>>> print(open('run39.txt').read())   # compact mmCIF, C-alpha atoms
# COMPACT_ATOMS: atom_id res chain seq x y z
CA MET D 418 -46.65 31.83 65.04
CA ALA D 419 -49.67 29.91 63.89
CA GLU D 420 -51.61 33.16 63.57
CA SER D 421 -49.00 34.74 61.31
CA THR D 422 -49.07 31.80 58.91
CA LYS D 423 -52.88 31.87 58.70
CA GLN D 424 -54.04 33.25 55.35
CA LYS D 425 -56.09 36.42 55.35
CA ARG D 426 -59.66 35.79 54.18
CA PRO D 427 -60.76 38.03 51.27
CA VAL D 428 -63.94 39.49 52.85
CA GLY D 429 -63.66 42.78 50.91
CA LYS D 430 -63.47 40.90 47.59
CA LEU D 431 -66.49 38.82 48.61
CA ILE D 432 -68.57 41.92 49.40
CA PHE D 433 -67.52 43.54 46.09
CA TYR D 434 -68.57 40.52 44.00
CA ALA D 435 -71.72 39.98 46.12
CA ILE D 436 -72.89 43.55 45.39
CA LEU D 437 -72.11 43.18 41.68
CA SER D 438 -73.90 39.81 41.52
CA ILE D 439 -76.99 41.05 43.36
CA ALA D 440 -77.11 44.11 41.07
CA LEU D 441 -76.79 41.95 37.96
CA TYR D 442 -79.48 39.47 39.01
CA THR D 443 -81.83 42.27 40.22
CA ILE D 444 -81.52 44.26 36.98
CA PHE D 445 -82.07 41.11 34.93
CA PHE D 446 -85.07 39.76 36.82
CA LEU D 447 -86.79 43.18 37.00
CA ASN D 448 -86.75 43.24 33.20
CA ALA D 449 -86.76 39.47 32.59
CA GLU D 450 -90.08 39.17 30.74
CA THR D 451 -89.38 42.04 28.33
CA LEU D 452 -85.83 40.86 27.71
CA GLN D 453 -86.94 37.24 27.21
CA ASP D 454 -89.57 38.26 24.62
CA PHE D 455 -86.90 40.24 22.75
CA LEU D 456 -84.28 37.45 22.86
CA ALA D 457 -86.77 34.76 21.81
CA LYS D 458 -86.91 36.34 18.35
CA GLY D 459 -83.57 34.68 17.61
CA GLY D 460 -80.84 35.66 15.15
CA ILE D 461 -77.10 36.09 15.49
CA ILE D 462 -77.16 39.41 17.39
CA LYS D 463 -79.64 38.19 20.01
CA ALA D 464 -77.73 34.88 20.29
CA SER D 465 -74.52 36.85 20.92
CA ILE D 466 -76.32 38.90 23.61
CA ILE D 467 -77.46 35.67 25.34
CA VAL D 468 -73.96 34.17 25.23
CA GLY D 469 -72.45 37.48 26.39
CA ILE D 470 -74.84 37.73 29.38
CA ALA D 471 -74.18 34.08 30.32
CA ILE D 472 -70.39 34.61 30.26
CA CYS D 473 -70.61 37.94 32.10
CA VAL D 474 -72.82 36.48 34.87
CA SER D 475 -70.57 33.43 35.17
CA LEU D 476 -67.41 35.45 35.58
CA ILE D 477 -68.88 37.88 38.14
CA TYR D 478 -71.08 35.43 40.03
CA GLY D 479 -68.45 32.69 39.60
CA ASN D 480 -65.90 34.95 41.33
CA PHE D 481 -68.43 35.57 44.09
CA ALA D 482 -69.01 31.83 44.56
CA GLY D 483 -65.26 31.08 44.49
CA THR D 484 -64.49 33.82 47.02
CA PHE D 485 -67.38 32.61 49.19
CA TRP D 486 -65.80 29.13 49.56
CA GLU D 487 -62.45 30.80 50.31
CA VAL D 488 -63.96 33.01 53.02
CA VAL D 489 -65.76 30.09 54.71
CA GLY D 490 -62.41 28.28 54.77
CA ILE D 491 -62.83 25.75 51.97
CA GLN D 492 -59.76 26.01 49.78
CA GLY D 493 -58.03 23.66 47.41
CA LYS D 494 -55.05 21.69 48.69
CA LYS D 495 -51.78 22.89 47.14
CA HIS D 496 -49.99 19.93 45.57
CA MET C 204 -83.49 14.06 25.96
CA ALA C 205 -81.02 14.71 23.18
CA GLY C 206 -78.53 17.41 23.86
CA TYR C 207 -78.16 19.45 20.73
CA ALA C 208 -80.67 18.81 17.98
CA VAL C 209 -82.67 21.92 17.17
CA ASP C 210 -86.20 21.28 16.00
CA PRO C 211 -87.23 24.38 14.00
CA ASN C 212 -90.88 23.32 14.18
CA ALA C 213 -90.96 23.23 17.98
CA VAL C 214 -93.35 25.73 19.53
CA LYS C 215 -91.71 28.46 21.61
CA GLU C 216 -93.55 28.54 24.89
CA PHE C 217 -91.83 30.14 27.87
CA VAL C 218 -93.08 29.18 31.33
CA LYS C 219 -94.16 31.51 34.10
CA LEU C 220 -91.62 31.25 36.91
CA THR C 221 -93.10 30.07 40.22
CA PRO C 222 -91.49 30.38 43.68
CA MET C 223 -91.04 26.57 43.67
CA MET C 224 -89.06 26.77 40.41
CA LYS C 225 -86.92 29.58 41.82
CA THR C 226 -85.91 27.26 44.69
CA PHE C 227 -85.76 23.95 42.84
CA LEU C 228 -83.68 25.03 39.83
CA PRO C 229 -80.71 26.51 41.79
CA THR C 230 -80.71 23.41 44.08
CA LEU C 231 -80.66 21.07 41.08
CA GLY C 232 -77.97 23.27 39.55
CA PHE C 233 -75.82 23.01 42.68
CA PHE C 234 -75.72 19.20 42.66
CA ALA C 235 -75.24 19.03 38.88
CA GLY C 236 -72.40 21.56 39.19
CA LEU C 237 -70.80 19.63 42.04
CA LEU C 238 -70.64 16.51 39.88
CA SER C 239 -69.36 18.41 36.82
CA GLY C 240 -66.64 20.14 38.84
CA PHE C 241 -65.49 16.79 40.21
CA ILE C 242 -65.66 14.41 37.23
CA GLY C 243 -65.66 16.98 34.42
CA SER C 244 -69.18 16.26 33.23
CA GLY C 245 -72.30 14.38 34.15
CA GLY C 246 -74.56 16.96 35.73
CA ALA C 247 -76.41 17.66 32.49
CA PHE C 248 -78.15 14.29 32.27
CA VAL C 249 -80.54 15.12 35.10
CA LEU C 250 -81.07 18.82 34.33
CA THR C 251 -83.22 18.44 31.20
CA PRO C 252 -85.70 15.96 32.79
CA GLY C 253 -85.45 17.98 36.02
CA MET C 254 -86.51 21.18 34.27
CA MET C 255 -89.27 19.37 32.38
CA SER C 256 -90.59 17.95 35.67
CA VAL C 257 -91.40 21.51 36.85
CA GLY C 258 -93.12 22.46 33.60
CA VAL C 259 -90.37 23.80 31.32
CA PRO C 260 -91.16 22.64 27.74
CA GLY C 261 -88.68 20.12 26.25
CA PRO C 262 -86.93 22.31 23.64
CA MET C 263 -86.47 25.17 26.16
CA ALA C 264 -85.17 22.72 28.76
CA VAL C 265 -82.56 21.30 26.35
CA ALA C 266 -81.56 24.78 25.11
CA SER C 267 -81.31 26.27 28.61
CA ASN C 268 -79.36 23.24 29.86
CA MET C 269 -76.86 23.80 27.05
CA CYS C 270 -76.58 27.52 27.70
CA HIS C 271 -75.89 27.05 31.42
CA LYS C 272 -73.34 24.33 30.68
CA PHE C 273 -70.68 26.25 28.79
CA PRO C 274 -70.19 29.17 31.24
CA LYS C 275 -70.23 26.68 34.14
CA ALA C 276 -67.58 24.61 32.34
CA LEU C 277 -65.53 27.78 31.81
CA VAL C 278 -65.57 28.62 35.52
CA GLY C 279 -64.80 24.99 36.44
CA ALA C 280 -61.95 24.79 33.92
CA LEU C 281 -60.38 28.01 35.24
CA LYS C 282 -60.53 26.59 38.77
CA ARG C 283 -59.12 23.19 37.80
CA HIS C 284 -56.39 24.90 35.74
CA LYS C 285 -55.02 26.35 39.01
CA TYR C 286 -54.44 22.80 40.26
CA GLY C 287 -52.71 21.74 37.01
CA HIS C 288 -55.63 19.50 35.99
CA VAL C 289 -56.29 21.07 32.56
CA ASP C 290 -54.49 20.35 29.29
CA VAL C 291 -55.75 23.28 27.23
CA LEU C 292 -54.33 22.05 23.89
CA LEU C 293 -55.87 18.60 24.32
CA GLY C 294 -59.18 20.19 25.38
CA LEU C 295 -59.26 22.49 22.35
CA ILE C 296 -58.40 19.77 19.80
CA MET C 297 -60.94 17.37 21.27
CA GLY C 298 -63.48 20.19 21.74
CA ILE C 299 -63.34 21.29 18.08
CA SER C 300 -63.55 17.64 16.93
CA ALA C 301 -66.49 17.20 19.30
CA VAL C 302 -68.35 20.11 17.66
CA ILE C 303 -68.10 18.22 14.33
CA GLY C 304 -69.23 15.02 16.10
CA VAL C 305 -72.24 16.89 17.46
CA GLN C 306 -73.28 17.97 13.95
CA VAL C 307 -73.05 14.38 12.66
CA GLY C 308 -74.92 13.18 15.77
CA ILE C 309 -77.72 15.64 15.03
CA VAL C 310 -78.04 14.31 11.46
CA VAL C 311 -78.30 10.73 12.81
CA GLN C 312 -80.87 11.83 15.40
CA LYS C 313 -82.97 13.62 12.80
CA TRP C 314 -82.89 10.56 10.53
CA ILE C 315 -84.06 8.30 13.39
CA LEU C 316 -86.76 10.82 14.35
CA HIS C 317 -87.94 10.99 10.76
CA THR C 318 -87.94 7.15 10.33
CA TRP C 319 -89.30 5.91 13.67
CA GLY C 320 -90.89 9.01 15.25
CA GLU C 321 -90.36 10.46 18.73
CA ASP C 322 -90.72 7.16 20.61
CA GLY C 323 -88.27 5.44 18.28
CA SER C 324 -85.83 8.29 18.86
CA ASN C 325 -86.27 8.01 22.65
CA LEU C 326 -85.71 4.25 22.44
CA TYR C 327 -82.52 4.81 20.44
CA ILE C 328 -81.26 7.35 23.01
CA SER C 329 -82.01 4.95 25.89
CA ALA C 330 -80.30 2.07 24.06
CA VAL C 331 -77.15 4.18 23.55
CA PHE C 332 -77.29 5.21 27.21
CA ILE C 333 -77.53 1.58 28.36
CA VAL C 334 -74.82 0.14 26.10
CA VAL C 335 -72.28 2.95 26.65
CA LEU C 336 -72.88 3.27 30.38
CA ALA C 337 -72.79 -0.49 30.97
CA LEU C 338 -69.52 -1.01 29.06
CA VAL C 339 -67.68 2.11 30.14
CA GLY C 340 -69.17 2.26 33.67
CA ALA C 341 -68.20 -1.35 34.47
CA SER C 342 -64.64 -0.89 33.13
CA VAL C 343 -64.14 2.37 35.03
CA LEU C 344 -65.50 0.80 38.24
CA ARG C 345 -63.16 -2.21 37.90
CA ASP C 346 -60.22 0.11 37.33
CA ALA C 347 -61.22 2.33 40.28
CA PHE C 348 -61.11 -0.68 42.63
CA ARG C 349 -57.81 -1.86 41.12
CA CYS C 350 -56.26 1.60 41.69
CA LYS C 351 -57.71 1.74 45.21
CA ASN C 352 -56.18 -1.61 46.12
CA GLN C 353 -52.82 -0.55 44.68
CA GLU C 354 -52.83 2.73 46.60
CA GLU C 355 -53.79 1.01 49.85
CA ALA C 356 -51.18 -1.74 49.43
CA PRO C 357 -48.39 -1.50 52.06
CA VAL C 358 -45.72 -1.69 49.36
CA GLN C 359 -46.38 0.63 46.43
CA PRO C 360 -46.07 -1.15 43.09
CA GLU C 361 -43.71 0.31 40.53
CA LYS C 362 -45.38 2.84 38.30
CA ARG C 363 -46.29 1.61 34.83
CA THR C 364 -43.73 2.81 32.35
CA GLU C 365 -45.04 0.76 29.45
CA LYS C 366 -46.67 2.83 26.71
CA LEU C 367 -50.36 2.51 25.86
CA TRP C 368 -51.18 1.29 22.34
CA ALA C 369 -52.26 4.79 21.29
CA GLN C 370 -48.91 6.22 22.42
CA LYS C 371 -47.06 3.61 20.36
CA LEU C 372 -48.83 4.54 17.11
CA ASN C 373 -46.54 6.94 15.30
CA ILE C 374 -48.72 8.63 12.67
CA PRO C 375 -47.67 12.25 12.04
CA PRO C 376 -48.45 14.81 13.23
CA MET C 377 -47.59 13.66 16.75
CA ILE C 378 -48.62 16.09 19.49
CA ASN C 379 -47.01 16.55 22.90
CA PHE C 380 -49.65 17.23 25.54
CA LYS C 381 -47.52 18.64 28.34
CA THR C 382 -50.06 18.68 31.20
CA ALA C 383 -51.50 15.28 30.26
CA LYS C 384 -47.88 14.06 29.98
CA THR C 385 -48.56 12.11 26.82
CA ARG C 386 -47.48 12.16 23.17
CA VAL C 387 -50.10 10.87 20.76
CA SER C 388 -51.03 11.24 17.14
CA PHE C 389 -53.45 13.94 16.03
CA TRP C 390 -55.31 11.13 14.22
CA ILE C 391 -56.00 9.36 17.52
CA THR C 392 -57.08 12.52 19.37
CA VAL C 393 -59.56 13.78 16.76
CA PRO C 394 -61.74 10.60 16.56
CA LEU C 395 -61.98 10.57 20.35
CA GLY C 396 -63.25 14.15 20.34
CA PHE C 397 -65.60 13.26 17.50
CA ALA C 398 -67.04 10.30 19.50
CA THR C 399 -67.46 12.59 22.53
CA GLY C 400 -69.49 14.99 20.38
CA MET C 401 -71.58 12.18 18.86
CA LEU C 402 -72.46 10.96 22.36
CA ALA C 403 -73.21 14.50 23.55
CA ALA C 404 -75.62 14.98 20.63
CA THR C 405 -77.38 11.78 21.66
CA ILE C 406 -77.44 11.69 25.47
CA ALA C 407 -76.24 15.23 26.33
CA VAL C 408 -73.23 13.94 28.32
CA GLY C 409 -70.24 13.48 26.03
CA GLY C 410 -67.93 13.23 29.02
CA PHE C 411 -69.03 9.64 29.64
CA ILE C 412 -66.83 8.79 26.62
CA GLY C 413 -64.43 11.77 26.67
CA VAL C 414 -63.05 11.32 30.19
CA PRO C 415 -62.47 7.52 30.04
CA ALA C 416 -60.95 7.97 26.55
CA MET C 417 -58.42 10.51 27.83
CA ILE C 418 -57.53 8.23 30.76
CA TYR C 419 -57.45 4.77 29.13
CA ILE C 420 -56.51 5.60 25.51
CA LEU C 421 -54.43 8.78 25.74
CA GLY C 422 -52.86 7.96 29.11
CA ALA C 423 -53.93 11.05 31.12
CA THR C 424 -54.58 10.78 34.86
CA GLY C 425 -58.13 10.92 36.25
CA PHE C 426 -57.40 14.47 37.44
CA VAL C 427 -56.29 15.71 34.00
CA GLY C 428 -58.98 13.73 32.14
CA SER C 429 -61.82 15.18 34.21
CA GLY C 430 -60.30 18.70 34.23
CA THR C 431 -59.71 18.76 30.46
CA GLU C 432 -63.26 17.53 29.83
CA LEU C 433 -64.43 20.93 31.12
CA VAL C 434 -62.62 22.63 28.19
CA ILE C 435 -64.33 20.22 25.75
CA ALA C 436 -67.70 20.92 27.44
CA PHE C 437 -67.04 24.67 27.10
CA VAL C 438 -66.26 24.49 23.35
CA MET C 439 -69.17 22.13 22.61
CA GLY C 440 -71.57 24.05 24.86
CA LEU C 441 -70.70 27.38 23.28
CA ALA C 442 -71.35 26.06 19.76
CA GLY C 443 -74.58 24.34 20.88
CA SER C 444 -75.82 27.40 22.77
CA LEU C 445 -75.29 29.67 19.77
CA THR C 446 -77.29 27.26 17.60
CA TRP C 447 -80.18 27.12 20.08
CA ALA C 448 -80.06 30.87 20.85
CA MET C 449 -80.15 31.78 17.15
CA ALA C 450 -83.40 29.83 16.92
CA GLY C 451 -84.64 31.74 20.00
CA PHE C 452 -85.14 28.78 22.33
CA VAL C 453 -82.87 29.72 25.24
CA ASP C 454 -84.78 30.82 28.35
CA LEU C 455 -82.22 33.10 29.98
CA ARG C 456 -84.25 33.31 33.22
CA ILE C 457 -83.87 29.57 33.70
CA VAL C 458 -80.20 29.67 32.70
CA LEU C 459 -79.48 32.29 35.37
CA LEU C 460 -81.43 30.40 38.05
CA ILE C 461 -79.49 27.18 37.38
CA LEU C 462 -76.19 29.07 37.26
CA ALA C 463 -77.02 30.56 40.69
CA GLY C 464 -76.59 27.06 42.14
CA SER C 465 -74.24 25.39 39.71
CA LEU C 466 -71.45 28.01 39.94
CA PHE C 467 -71.23 27.26 43.68
CA GLY C 468 -71.36 23.52 43.01
CA VAL C 469 -68.81 23.40 40.18
CA GLN C 470 -66.19 25.25 42.26
CA LEU C 471 -66.79 23.08 45.30
CA GLY C 472 -66.48 19.97 43.11
CA ALA C 473 -63.24 21.32 41.60
CA LEU C 474 -61.87 22.08 45.10
CA GLY C 475 -62.84 18.56 46.13
CA THR C 476 -60.54 16.99 43.54
CA SER C 477 -57.51 18.45 45.33
CA TYR C 478 -58.35 16.44 48.48
CA VAL C 479 -59.01 13.01 46.98
CA LYS C 480 -56.96 10.25 45.43
CA ASP C 481 -57.16 9.67 41.67
CA TYR C 482 -59.30 6.52 42.03
CA MET C 483 -62.07 8.48 43.78
CA ILE C 484 -62.83 10.41 40.56
CA LYS C 485 -63.14 7.11 38.70
CA LEU C 486 -65.30 5.65 41.47
CA VAL C 487 -67.77 8.56 41.41
CA MET C 488 -67.88 8.50 37.60
CA ALA C 489 -68.58 4.75 37.49
CA THR C 490 -71.23 4.97 40.24
CA VAL C 491 -73.10 7.73 38.41
CA MET C 492 -72.86 5.91 35.07
CA LEU C 493 -74.24 2.66 36.48
CA ILE C 494 -77.12 4.29 38.40
CA VAL C 495 -78.12 6.33 35.32
CA MET C 496 -77.98 3.11 33.28
CA VAL C 497 -80.55 1.50 35.62
CA SER C 498 -82.74 4.58 35.24
CA ARG C 499 -82.67 4.26 31.45
CA ILE C 500 -83.35 0.49 31.53
CA LEU C 501 -86.64 1.29 33.31
CA MET C 502 -87.69 3.48 30.38
CA VAL C 503 -87.23 0.78 27.71
CA PRO C 504 -90.67 -0.90 28.31
CA VAL C 505 -92.28 2.57 28.18
CA TYR C 506 -90.92 3.30 24.69
CA LEU C 507 -91.47 -0.28 23.44
CA THR C 508 -95.13 -0.06 24.51
CA LYS C 509 -95.54 3.25 22.70
CA LEU C 510 -94.06 1.62 19.57
CA ASP C 511 -96.58 -1.28 19.94
CA VAL C 512 -93.77 -3.83 20.38
CA MET C 513 -94.80 -4.60 23.97
CA ALA C 514 -97.99 -4.31 26.01
CA VAL C 515 -97.63 -2.96 29.55
CA ALA C 516 -100.42 -1.51 31.73
CA LYS C 517 -100.63 2.31 31.76
CA SER C 518 -100.29 2.47 35.55
CA THR C 519 -97.08 0.38 35.39
CA LEU C 520 -95.67 2.67 32.69
CA GLN C 521 -96.34 5.71 34.88
CA ILE C 522 -94.53 4.04 37.80
CA LEU C 523 -91.56 3.15 35.55
CA ASP C 524 -91.42 6.69 34.15
CA LYS C 525 -91.43 8.29 37.62
CA SER C 526 -88.99 5.74 39.06
CA SER C 527 -86.59 6.44 36.21
CA PHE C 528 -86.56 10.16 37.00
CA TYR C 529 -86.16 9.63 40.76
CA ILE C 530 -83.29 7.18 40.20
CA MET C 531 -81.51 9.86 38.12
CA CYS C 532 -81.99 12.32 40.99
CA ALA C 533 -80.64 9.63 43.33
CA ALA C 534 -77.55 9.30 41.13
CA LEU C 535 -76.93 13.00 41.60
CA LEU C 536 -77.48 12.87 45.37
CA VAL C 537 -75.35 9.73 45.84
CA SER C 538 -72.48 11.26 43.87
CA GLY C 539 -72.88 14.50 45.86
CA ALA C 540 -72.67 12.56 49.12
CA ILE C 541 -69.55 10.63 47.98
CA ILE C 542 -67.83 13.84 46.82
CA LEU C 543 -68.65 15.83 49.96
CA GLY C 544 -67.76 12.84 52.19
CA ALA C 545 -64.38 12.28 50.49
CA MET C 546 -63.67 15.99 50.56
CA THR C 547 -64.47 16.34 54.28
CA LYS C 548 -62.27 13.34 55.04
CA GLY C 549 -59.42 14.80 52.98
CA MET C 550 -59.72 18.22 54.64
CA ARG C 551 -59.73 16.65 58.12
CA SER C 552 -56.59 14.62 57.48
CA GLU C 553 -54.97 17.74 55.99
CA LYS C 554 -55.77 19.71 59.18
CA THR C 555 -54.52 16.88 61.39
CA ALA C 556 -51.26 16.76 59.41
CA ALA C 557 -50.88 20.57 59.65
CA VAL C 558 -51.42 20.52 63.45
CA GLY C 559 -49.08 17.55 63.89
CA ALA C 560 -46.26 18.94 61.73
CA PRO C 561 -45.08 21.88 63.97
CA ALA C 562 -45.38 19.69 67.06
CA ARG C 563 -43.14 17.06 65.48
CA ALA C 564 -40.75 19.75 64.26
CA SER C 565 -40.27 21.12 67.81
CA HIS C 566 -39.07 17.74 69.15
>>> encode(input="run39.txt", output="C-alpha cells")
Amino acid sequence: MAESTKQKRPVGKLIFYAILSIALYTIFFLNAETLQDFLAKGGIIKASIIVGIAICVSLIYGNFAGTFWEVVGIQGKKH
Amino acid sequence: MAGYAVDPNAVKEFVKLTPMMKTFLPTLGFFAGLLSGFIGSGGAFVLTPGMMSVGVPGPMAVASNMCHKFPKALVGALKRHKYGHVDVLLGLIMGISAVIGVQVGIVVQKWILHTWGEDGSNLYISAVFIVVLALVGASVLRDAFRCKNQEEAPVQPEKRTEKLWAQKLNIPPMINFKTAKTRVSFWITVPLGFATGMLAATIAVGGFIGVPAMIYILGATGFVGSGTELVIAFVMGLAGSLTWAMAGFVDLRIVLLILAGSLFGVQLGALGTSYVKDYMIKLVMATVMLIVMVSRILMVPVYLTKLDVMAVAKSTLQILDKSSFYIMCAALLVSGAIILGAMTKGMRSEKTAAVGAPARASH
C-alpha cells in the first residue's frame, strides 16, 4: 500500500536535462574566450545575446537542478 | 560595492579563469542562491566582494553579479509560485517602480562619487548599510521572536483582523493583491518599490527594504513577501543587466559559473520555505542583516582613514578589511546552516507524521 502511494522519481527527465546542461556548458566553455571578446564590445544586440544565454541556461540548468532535488527525495511540502 | 552604477570610464579587463575560481564561484553561488531562495534576496551582498577576492575586477564583478541575479530570481520565483508564495501583480508594480528607483539611486551615487571621490562613495554606501540594516534588522528580529512565541503558545491568539495603516488609506486607484491578500493604494505600492530600487542601486540588495515593506506596510505574510521579492529582483536585475551588458562589462563565463551553484541553491532555499514556519524566514533575514551590519561597521575606519578624517595604522586597516569580508562570508554560512537545519527538522517531522498517520488510521 505504502509502495503504491510512493511517487515515481523522474530519473529520465533528470538524465535529459543533465545531457542538455552538460552540452550547453561544454559548448560555451570551449568557445568562452572568443565569445567573451565578441560580447565585450557591447551594444544592444550583444546585450540581448548575453541576456538570452543567461535565461536559456537558467531554464535548462534550472530544470536539471530542480529535478535533481526531486530525484534525491527533497520535495516541497504541499500545503 | 554599488549594485547598478555603470562607470563608462572603467577599464574592461577580463580575468583568466583558474581551477580555484572554477570551484570557488559555484560554491559561493550555491550559498548565495540558498539565501535568495529562502528570504527572496540577500545573496548578492557577498558575491561582488567574493568575486573581487579571487581577482575579478570591480566593474566586472558588479556586472556579472547583476547578470546572474535575474535568471536566478526567475527560477526561484517560478518555484515559489508553485507554493502560492508569489503575488505577480505586486511584484511587477514594485519591480517597475524599483527600476526607476535604481536610476535615481545611480544619479545620487554619481554625484557623491564626483563630490567626495571613491572613498567618500564607499563611506556613504557603508553608512546606508549600517543605518538600514540596524533599523530594519532589529525590527524584523523583534517581530520574528514575537511570532515565534505566539506560535509556540499553548493557546493560539486570535488572528489580527485590524487593518494596517497603509490598508486604511483610500487613495484611488486601489489595487487588490489576491495572493498577498491585501488591498492597498497604488500610491503606497509605488514608493515602496522606488525605495527598494534606491537601496539596490546603493548596496545591491534592495530586498532588505522590499521584503519588510511588503510584510509590515502592505500586510503580506513572510512567505509571500520573500517570494514576491524574487519577481522584483528579476525585473530590476534584467534592466540592470541590459545596462551593464550594453557597455560590455558582463563576464558571461563568471555568470555561468555562479549560476552552476546558485540554481541548485535557490531551488533548495525555495523548497525549504515549505517546511518552516513564517517566523523562520524573518529570523534568517534579521540574522543576515545584523551580521552584515557588523561587517560594514568594521569598514568605516578604513574609509575615514582614506578620507584623512581618522588615523589608523595600515596593518590594522588590513585586518579590518579582511575581517569585514570574512564576517560577510560567515553571514552566508550561518544563514545556510539555519535554513538547512530548519528544513531537515521540518522534513523529519513530516516523515514522522506520514508514518504515524496510517498506523493511527488502522486503529
>>> closest_atom_pairs(input="run39.txt", of="chain C", to="chain D", cutoff="10 Å", atoms="all atoms listed in the file", output="CSV")
residue,atom,partner,partner_atom,distance
C:Lys215,CA,D:Ala457,CA,8.0
C:Glu216,CA,D:Ala457,CA,9.7
C:Phe217,CA,D:Gln453,CA,8.6
C:Lys219,CA,D:Glu450,CA,9.3
C:Cys270,CA,D:Ala471,CA,7.5
C:His271,CA,D:Ala471,CA,7.3
C:Lys272,CA,D:Ala471,CA,9.8
C:Phe273,CA,D:Ile472,CA,8.5
C:Pro274,CA,D:Ile472,CA,5.5
C:Lys275,CA,D:Ser475,CA,6.8
C:Ala276,CA,D:Ser475,CA,9.7
C:Leu277,CA,D:Ser475,CA,8.3
C:Val278,CA,D:Gly479,CA,6.4
C:Gly279,CA,D:Gly479,CA,9.1
C:Lys282,CA,D:Gly483,CA,8.7
C:Arg283,CA,D:Gly493,CA,9.7
C:Lys285,CA,D:Gly493,CA,9.3
C:Tyr286,CA,D:Lys495,CA,7.4
C:Gly287,CA,D:His496,CA,9.2
C:Leu441,CA,D:Val468,CA,7.8
C:Ser444,CA,D:Val468,CA,7.4
C:Leu445,CA,D:Ala464,CA,5.8
C:Thr446,CA,D:Ala464,CA,8.1
C:Trp447,CA,D:Ala464,CA,8.1
C:Ala448,CA,D:Ala464,CA,4.7
C:Met449,CA,D:Gly460,CA,4.4
C:Ala450,CA,D:Gly459,CA,4.9
C:Gly451,CA,D:Gly459,CA,3.9
C:Phe452,CA,D:Ala457,CA,6.2
C:Val453,CA,D:Ala457,CA,7.2
C:Asp454,CA,D:Gln453,CA,6.9
C:Leu455,CA,D:Gln453,CA,6.9
C:Arg456,CA,D:Ala449,CA,6.7
C:Val458,CA,D:Ala471,CA,7.8
C:Leu459,CA,D:Ala471,CA,7.5
C:Leu460,CA,D:Tyr442,CA,9.3
C:Leu462,CA,D:Ser475,CA,7.4
C:Ala463,CA,D:Tyr478,CA,7.7
C:Gly464,CA,D:Ala482,CA,9.3
C:Ser465,CA,D:Gly479,CA,9.3
C:Leu466,CA,D:Gly479,CA,5.6
C:Phe467,CA,D:Ala482,CA,5.2
C:Gly468,CA,D:Ala482,CA,8.8
C:Val469,CA,D:Gly479,CA,9.3
C:Gln470,CA,D:Gly483,CA,6.3
C:Leu471,CA,D:Trp486,CA,7.5
C:Ala473,CA,D:Gly493,CA,8.1
C:Leu474,CA,D:Gly493,CA,4.8
C:Gly475,CA,D:Gly493,CA,7.1
C:Thr476,CA,D:Gly493,CA,8.1
C:Ser477,CA,D:Lys494,CA,5.3
C:Tyr478,CA,D:Lys494,CA,6.2
C:Val479,CA,D:Lys494,CA,9.7
C:Met546,CA,D:Ile491,CA,9.9
C:Thr547,CA,D:Ile491,CA,9.8
C:Gly549,CA,D:Lys494,CA,9.2
C:Met550,CA,D:Lys494,CA,8.3
C:Glu553,CA,D:Lys494,CA,8.3
C:Val558,CA,D:Ala419,CA,9.6
C:Pro561,CA,D:Ala419,CA,9.2
>>> residues_around(input="run39.txt", residues="Lys509 of chain C", least_positions_apart="2", cutoff="12 Å", atoms="all atoms listed in the file", output="list in words")
Trp319, Gly320, Glu321, Asp322, Gly323, Ser324, Asn325, Leu326, Met502, Val503, Pro504, Val505, Tyr506, Leu507, Asp511, Val512, Met513, Ala514, Val515, Ala516, Lys517 and Leu520 of chain C
>>> atom_distance(input="run39.txt", atom1="atom CA of Lys351 of chain C", atom2="atom CA of Phe241 of chain C")
17.7 Å
>>> atom_distance(input="run39.txt", atom1="atom CA of Lys425 of chain D", atom2="atom CA of Val488 of chain D")
8.9 Å
>>> axis_aligned_box(input="run39.txt", around="segment 405-420 of chain C", padding_each_side="3 Å", output="JSON")
{"center_x": -67.0, "center_y": 10.0, "center_z": 26.2, "size_x": 26.9, "size_y": 16.5, "size_z": 15.1}
>>> decode(input="run39.txt", residues="segment 496-518 of chain C", atoms="C-alpha atoms", output="compact mmCIF listing (two decimals), in the first residue's frame")
# COMPACT_ATOMS: atom_id res chain seq x y z
CA MET C 496 25.83 45.37 9.50
CA VAL C 497 28.75 44.39 11.79
CA SER C 498 30.84 43.67 8.70
CA ARG C 499 30.16 47.15 7.33
CA ILE C 500 30.85 48.86 10.70
CA LEU C 501 34.38 47.40 10.52
CA MET C 502 34.94 49.16 7.20
CA VAL C 503 34.06 52.66 8.47
CA PRO C 504 37.55 53.37 10.00
CA VAL C 505 39.12 52.18 6.71
CA TYR C 506 37.22 54.74 4.63
CA LEU C 507 37.56 57.51 7.25
CA THR C 508 41.35 57.00 7.25
CA LYS C 509 41.46 57.19 3.46
CA LEU C 510 39.49 60.46 3.65
CA ASP C 511 42.04 61.79 6.23
CA VAL C 512 39.34 62.13 8.91
CA MET C 513 40.94 59.45 11.10
CA ALA C 514 44.41 57.98 11.51
CA VAL C 515 44.63 54.20 11.88
CA ALA C 516 47.73 52.02 11.34
CA LYS C 517 47.93 50.33 7.91
CA SER C 518 48.21 46.86 9.46
